[in-house]
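Novice: This is the structure, below, for whatever I ask next.
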Amino acid sequence: MKYIDPHIHMISRTTDDYQRMAYSQCAAISEPAFWAGFDRGTAQGFHDYFRHLTEFEPKRAAQFGIKHYSWLCINAKEAENVSLSREVISMIPEFLERPGVLGIGEIGLNKNTANEATIFQEHLDLAAKTNELILIHTPHLEDKYKGTRMIVDMLKNDPRVKPHRVCVDHVEEHTVKLALDNGFWCGMTLYPVTKCTPARACDIIEMVGTDRIMANSAGDWGKSDPLAVPELIQEMKRRGHKESEIKKVVYDNPLSFWRQANNWKEWPPEPSTNGVATPATAKAGY
Ligand SMILES: [Zn+2]
């Protein structure tokens with residue numbers, strides 16, 4: 001089954017991963033800006049990173065027929081440095097019109113500090129002024145509920161934020177309803193150990209249904225699996241979920257969310273049944 005991985009950090013993955021994802025029918029991915037494993041010292045470092053996300057990575061993905069989209073921000077870990085964060089935020093607008101940029105993300109909280117909250121709100125301000133979609137990172141493990149609660153409160157307190165244009169990512173059993181009941185989209189991250197396993201993600205779907213929910217691998221330089229979404233597909237099939245319901249979670253939902261992007265270009269049409277692409281495919285943009 002064709003699928004979309006709406007959250008994966010390909011900068012830290014190999015070209016072989018792209019190949020295996022293509023073999024598994026990955027149609028498209030989106031790559032949020034994140035922490036690089038070390039704190040970057042200058043705004044220029046982020047400028048180079050944004051060029052990597054918007055210039056190099058889409059070309060590498062295209063070699064395997066995978067469409068690559070991206071999100072821009074300074075992540076919560078580095079947001080502790082407020083002056084650097086403000087410099088980075090001020091140069092984001094020059095990238096927002098680039099092909100494949102979906103919005104601002106992944107922004108959020110890491111240790112739930114005051115500085116992180118300040119920079120989170122300044123990102124919200126940028127997104128409101130530029131009418132961008134927002135992708136939210138929620139903290140891990142013991143701080144998850146408290147951090148998600150704080151984030152949802154900040155989102156609700158800004159009347160400019162439209163919940164259907166925001167995706168709250170890394171939800172688990174105890175935070176999924178905070179996102180959905182407040183009108184946001186949500187993402188489940190399938191990790192081998194921490195976050196959700198494919199079986200837990202399947203339980204969550206059985207608990208809350210398939211509206212406004214998607215799944216991702218959040219593949220990065222840590223222990224993670226770029227083929228985690230196909231694993232969820234297998235688990236849903238094994239439990240007898242209908243093909244249309246599975247496709248809704250792993251393909252239709254992320255695409256519907258992305259289609260609201262300010263910068264969205266037409267998604268190439270499905271190939272016809274005889275395998276020949278319709279003429280519009282050749283003209284379709286990014
Ligand atoms: Zn991430």
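Every chain in the structure tokens takes a letter, A first, then B, and so on in the order presented; its residues are numbered from 1, and the ligands are numbered from 1 following the presented order.
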Residues near Trp221 of chain A, anyone? I mean within 9 Å using only C-alpha atoms, not counting same-chain ones fewer than 5 positions away, as a ChimeraX atom specification.
Specialist: /A:9,11-13,36-37
Novice: Looking only at helix (DSSP H, G or I) from DSSP on the backbone, list the matching residues of segment 37-197 of chain A as a ChimeraX atom specification.
Specialist: /A:43-62,78-80,82-91,93-96,114-130,141-157,163-165,176-181
Novice: Considering only C-alpha atoms and all ligand atoms, tabulate each residue of chain A that lies at most 12 Å from ligand 1 along with its nearest interatomic pair and the corresponding distance in Å to one decimal; arrange the rows by chain and ascending residue number and present them as CSV.
Specialist:
residue,atom,partner,partner_atom_place_in_ligand_line,distance
A:Asp5,CA,ligand 1,1 (Zn),11.7
A:Pro6,CA,ligand 1,1 (Zn),10.0
A:His7,CA,ligand 1,1 (Zn),6.3
A:Ile8,CA,ligand 1,1 (Zn),6.5
A:His9,CA,ligand 1,1 (Zn),6.5
A:Met10,CA,ligand 1,1 (Zn),10.3
A:Ile11,CA,ligand 1,1 (Zn),11.3
A:Ser12,CA,ligand 1,1 (Zn),11.2
A:Ser30,CA,ligand 1,1 (Zn),10.2
A:Glu31,CA,ligand 1,1 (Zn),7.8
A:Pro32,CA,ligand 1,1 (Zn),6.2
A:Ala33,CA,ligand 1,1 (Zn),7.4
A:Phe34,CA,ligand 1,1 (Zn),5.9
A:Trp35,CA,ligand 1,1 (Zn),8.2
A:Ala36,CA,ligand 1,1 (Zn),10.4
A:Gly37,CA,ligand 1,1 (Zn),11.9
A:Ser70,CA,ligand 1,1 (Zn),11.4
A:Trp71,CA,ligand 1,1 (Zn),10.4
A:Leu72,CA,ligand 1,1 (Zn),11.6
A:Cys73,CA,ligand 1,1 (Zn),11.6
A:Ile74,CA,ligand 1,1 (Zn),11.9
A:Asn75,CA,ligand 1,1 (Zn),9.2
A:Ala76,CA,ligand 1,1 (Zn),10.8
A:Lys77,CA,ligand 1,1 (Zn),11.8
A:Gly105,CA,ligand 1,1 (Zn),9.0
A:Glu106,CA,ligand 1,1 (Zn),6.6
A:Ile107,CA,ligand 1,1 (Zn),9.5
A:Gly108,CA,ligand 1,1 (Zn),10.7
A:Asn110,CA,ligand 1,1 (Zn),11.8
A:Leu135,CA,ligand 1,1 (Zn),9.8
A:Ile136,CA,ligand 1,1 (Zn),9.4
A:His137,CA,ligand 1,1 (Zn),7.0
A:Thr138,CA,ligand 1,1 (Zn),9.7
A:Pro139,CA,ligand 1,1 (Zn),10.7
A:His140,CA,ligand 1,1 (Zn),11.3
A:Val168,CA,ligand 1,1 (Zn),11.7
A:Asp169,CA,ligand 1,1 (Zn),8.7
A:His170,CA,ligand 1,1 (Zn),8.7
A:Gly187,CA,ligand 1,1 (Zn),11.1
A:Met188,CA,ligand 1,1 (Zn),11.4
A:Thr189,CA,ligand 1,1 (Zn),9.1
A:Leu190,CA,ligand 1,1 (Zn),11.6
A:Tyr191,CA,ligand 1,1 (Zn),11.6
A:Asn216,CA,ligand 1,1 (Zn),9.6
A:Ser217,CA,ligand 1,1 (Zn),9.0
A:Ala218,CA,ligand 1,1 (Zn),5.3
A:Gly219,CA,ligand 1,1 (Zn),7.6
A:Asp220,CA,ligand 1,1 (Zn),7.4
A:Trp221,CA,ligand 1,1 (Zn),10.4
A:Gly222,CA,ligand 1,1 (Zn),10.8
A:Ser224,CA,ligand 1,1 (Zn),11.1
Novice: Selection from above, C-alpha atoms, as a PDB file, in the first residue's frame, can you write it?
Specialist:
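To be explicit, this is the file written out as out21.pdb:
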ATOM      1  CA  ASP A   5       5.676   9.391   6.294  1.00  0.00           C
ATOM      2  CA  PRO A   6       4.810  12.901   7.528  1.00  0.00           C
ATOM      3  CA  HIS A   7       7.675  13.179  10.023  1.00  0.00           C
ATOM      4  CA  ILE A   8      11.160  11.880   9.248  1.00  0.00           C
ATOM      5  CA  HIS A   9      14.602  13.517   9.501  1.00  0.00           C
ATOM      6  CA  MET A  10      16.279  12.332   6.335  1.00  0.00           C
ATOM      7  CA  ILE A  11      19.333  14.516   6.965  1.00  0.00           C
ATOM      8  CA  SER A  12      20.395  11.829   9.420  1.00  0.00           C
ATOM      9  CA  SER A  30       7.895  15.666   5.257  1.00  0.00           C
ATOM     10  CA  GLU A  31      10.961  16.669   7.185  1.00  0.00           C
ATOM     11  CA  PRO A  32      10.613  19.085  10.109  1.00  0.00           C
ATOM     12  CA  ALA A  33      13.560  21.198  11.239  1.00  0.00           C
ATOM     13  CA  PHE A  34      15.006  19.704  14.447  1.00  0.00           C
ATOM     14  CA  TRP A  35      17.956  19.532  16.792  1.00  0.00           C
ATOM     15  CA  ALA A  36      21.150  18.355  15.075  1.00  0.00           C
ATOM     16  CA  GLY A  37      22.577  16.423  18.027  1.00  0.00           C
ATOM     17  CA  SER A  70       9.808  20.417   4.818  1.00  0.00           C
ATOM     18  CA  TRP A  71       8.999  22.544   7.870  1.00  0.00           C
ATOM     19  CA  LEU A  72      11.170  25.356   9.254  1.00  0.00           C
ATOM     20  CA  CYS A  73      11.872  26.633  12.769  1.00  0.00           C
ATOM     21  CA  ILE A  74      14.401  26.648  15.569  1.00  0.00           C
ATOM     22  CA  ASN A  75      13.636  23.595  17.703  1.00  0.00           C
ATOM     23  CA  ALA A  76      12.729  23.719  21.392  1.00  0.00           C
ATOM     24  CA  LYS A  77      16.144  22.536  22.641  1.00  0.00           C
ATOM     25  CA  GLY A 105       7.706  23.209  12.684  1.00  0.00           C
ATOM     26  CA  GLU A 106       8.444  21.207  14.615  1.00  0.00           C
ATOM     27  CA  ILE A 107       7.997  23.798  17.352  1.00  0.00           C
ATOM     28  CA  GLY A 108       7.120  22.985  20.935  1.00  0.00           C
ATOM     29  CA  ASN A 110      11.472  20.325  25.522  1.00  0.00           C
ATOM     30  CA  LEU A 135       3.641  21.279  13.276  1.00  0.00           C
ATOM     31  CA  ILE A 136       4.006  20.770  17.030  1.00  0.00           C
ATOM     32  CA  HIS A 137       6.600  18.657  18.833  1.00  0.00           C
ATOM     33  CA  THR A 138       5.398  17.488  22.253  1.00  0.00           C
ATOM     34  CA  PRO A 139       7.928  16.495  24.929  1.00  0.00           C
ATOM     35  CA  HIS A 140       8.788  12.928  25.686  1.00  0.00           C
ATOM     36  CA  VAL A 168       0.152  18.039  17.413  1.00  0.00           C
ATOM     37  CA  ASP A 169       2.790  15.340  17.022  1.00  0.00           C
ATOM     38  CA  HIS A 170       4.122  12.484  19.182  1.00  0.00           C
ATOM     39  CA  GLY A 187       0.510  12.431  14.750  1.00  0.00           C
ATOM     40  CA  MET A 188       1.607   9.213  16.427  1.00  0.00           C
ATOM     41  CA  THR A 189       5.318   8.469  16.342  1.00  0.00           C
ATOM     42  CA  LEU A 190       6.198   4.814  15.911  1.00  0.00           C
ATOM     43  CA  TYR A 191       9.430   4.092  17.723  1.00  0.00           C
ATOM     44  CA  ASN A 216       5.090   8.675  11.327  1.00  0.00           C
ATOM     45  CA  SER A 217       8.475   7.097  11.971  1.00  0.00           C
ATOM     46  CA  ALA A 218      10.235  10.267  13.189  1.00  0.00           C
ATOM     47  CA  GLY A 219      13.326   8.498  11.852  1.00  0.00           C
ATOM     48  CA  ASP A 220      16.476  10.352  12.910  1.00  0.00           C
ATOM     49  CA  TRP A 221      20.018   9.653  14.119  1.00  0.00           C
ATOM     50  CA  GLY A 222      18.731   7.742  17.161  1.00  0.00           C
ATOM     51  CA  SER A 224      14.359   4.518  14.931  1.00  0.00           C
TER      52      SER A 224
END
Novice: Find, counting only C-alpha atoms, the residue in A:Glu78, A:Leu124, A:Pro99, A:Trp185 that gets nearest to Glu266 of chain A.
Specialist: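 Of A:Glu78, A:Leu124, A:Pro99, A:Trp185, the one nearest Glu266 of chain A is A:Pro99, counting only C-alpha atoms.
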Novice: Which residues are close to Ala199 of chain A, i.e. within 9 Å by only C-alpha atoms, leaving aside same-chain residues fewer than 6 positions away? Reply as a PyMOL selection string.
Specialist: chain A and resi 232+235-236
Novice: Which neighbours of segment 57-69 of chain A fall inside 8 Å, counting only C-alpha atoms, when residues of the same chain fewer than 6 positions from it are skipped, and could you give them as a VMD selection string?
Specialist: chain A and resid 10 to 11 15 18 to 19 22 26 to 31 100 to 102 286
Novice: What lies within 12 Å of Gly45 of chain A using only C-alpha atoms, ignoring chain neighbours under 2 positions off, as a PyMOL selection string?
Specialist: chain A and resi 35-36+38-43+47-52+74+84-85+87-88+91
Novice: Using Å and a single decimal, report how far atom CA of Tyr251 of chain A sits from atom CA of Ile204 of chain A.
Specialist: 17.5 Å
Novice: One number please: atom CA of Lys242 of chain A to atom CA of Pro198 of chain A, in Å, one decimal.
Specialist: 16.6 Å
Novice: Please, what distance in Å, to one decimal, runs between atom CA of Glu116 of chain A and atom CA of Ala79 of chain A?
Specialist: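 Straight-line distance from atom CA of Glu116 of chain A to atom CA of Ala79 of chain A works out to 5.4 Å.
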Novice: Pick out each residue of segment 44-85 of chain A that DSSP on the backbone tags as strand (DSSP E or B); I need them as a PyMOL selection string.
Specialist: chain A and resi 67-72
Novice: Next, the residues of the selection above should be written as an mmCIF file, in the first residue's frame with C-alpha atoms.
Specialist:
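Generated output (again-v6.cif):
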data_model
loop_
_atom_site.group_PDB
_atom_site.id
_atom_site.type_symbol
_atom_site.label_atom_id
_atom_site.label_comp_id
_atom_site.auth_asym_id
_atom_site.auth_seq_id
_atom_site.Cartn_x
_atom_site.Cartn_y
_atom_site.Cartn_z
ATOM 1 C CA LYS A 67 8.271 13.647 -2.866
ATOM 2 C CA HIS A 68 10.004 15.614 -0.099
ATOM 3 C CA TYR A 69 8.411 18.453 1.896
ATOM 4 C CA SER A 70 9.808 20.417 4.818
ATOM 5 C CA TRP A 71 8.999 22.544 7.870
ATOM 6 C CA LEU A 72 11.170 25.356 9.254
#
Novice: For Arg149 of chain A, work out the shell of residues within 12 Å, counting only C-alpha atoms and skipping chain neighbours fewer than 2 positions away, then give it as a PyMOL selection string.
Specialist: chain A and resi 108-109+112+138-139+143-147+151-156+168+171+174-179+182
Novice: For a quick check of understanding, using only C-alpha atoms, which of A:Leu227, A:Leu96, A:Met150, A:Cys167 has the smallest distance to Met214 of chain A?
Specialist: A:Cys167
Novice: Return the single residue from A:Cys186, A:Arg259, A:Glu172, A:Asn115 that is closest to Asp203 of chain A, with distances computed using only C-alpha atoms.
Specialist: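 Smallest distance to Asp203 of chain A is found for A:Glu172.
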Novice: In terms of the shortest atom-to-atom distance over only C-alpha atoms, which of A:Asp158, A:Glu97, A:Asp211, A:Glu142 is closest to Asn262 of chain A?
Specialist: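 Smallest distance to Asn262 of chain A is found for A:Glu97.
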Novice: What's around Pro192 of chain A at 9 Å? Count only C-alpha atoms, leave out sequence neighbours fewer than 3 positions away in its own chain, and write the answer as a PyMOL selection string.
Specialist: chain A and resi 195-198+223-225+228
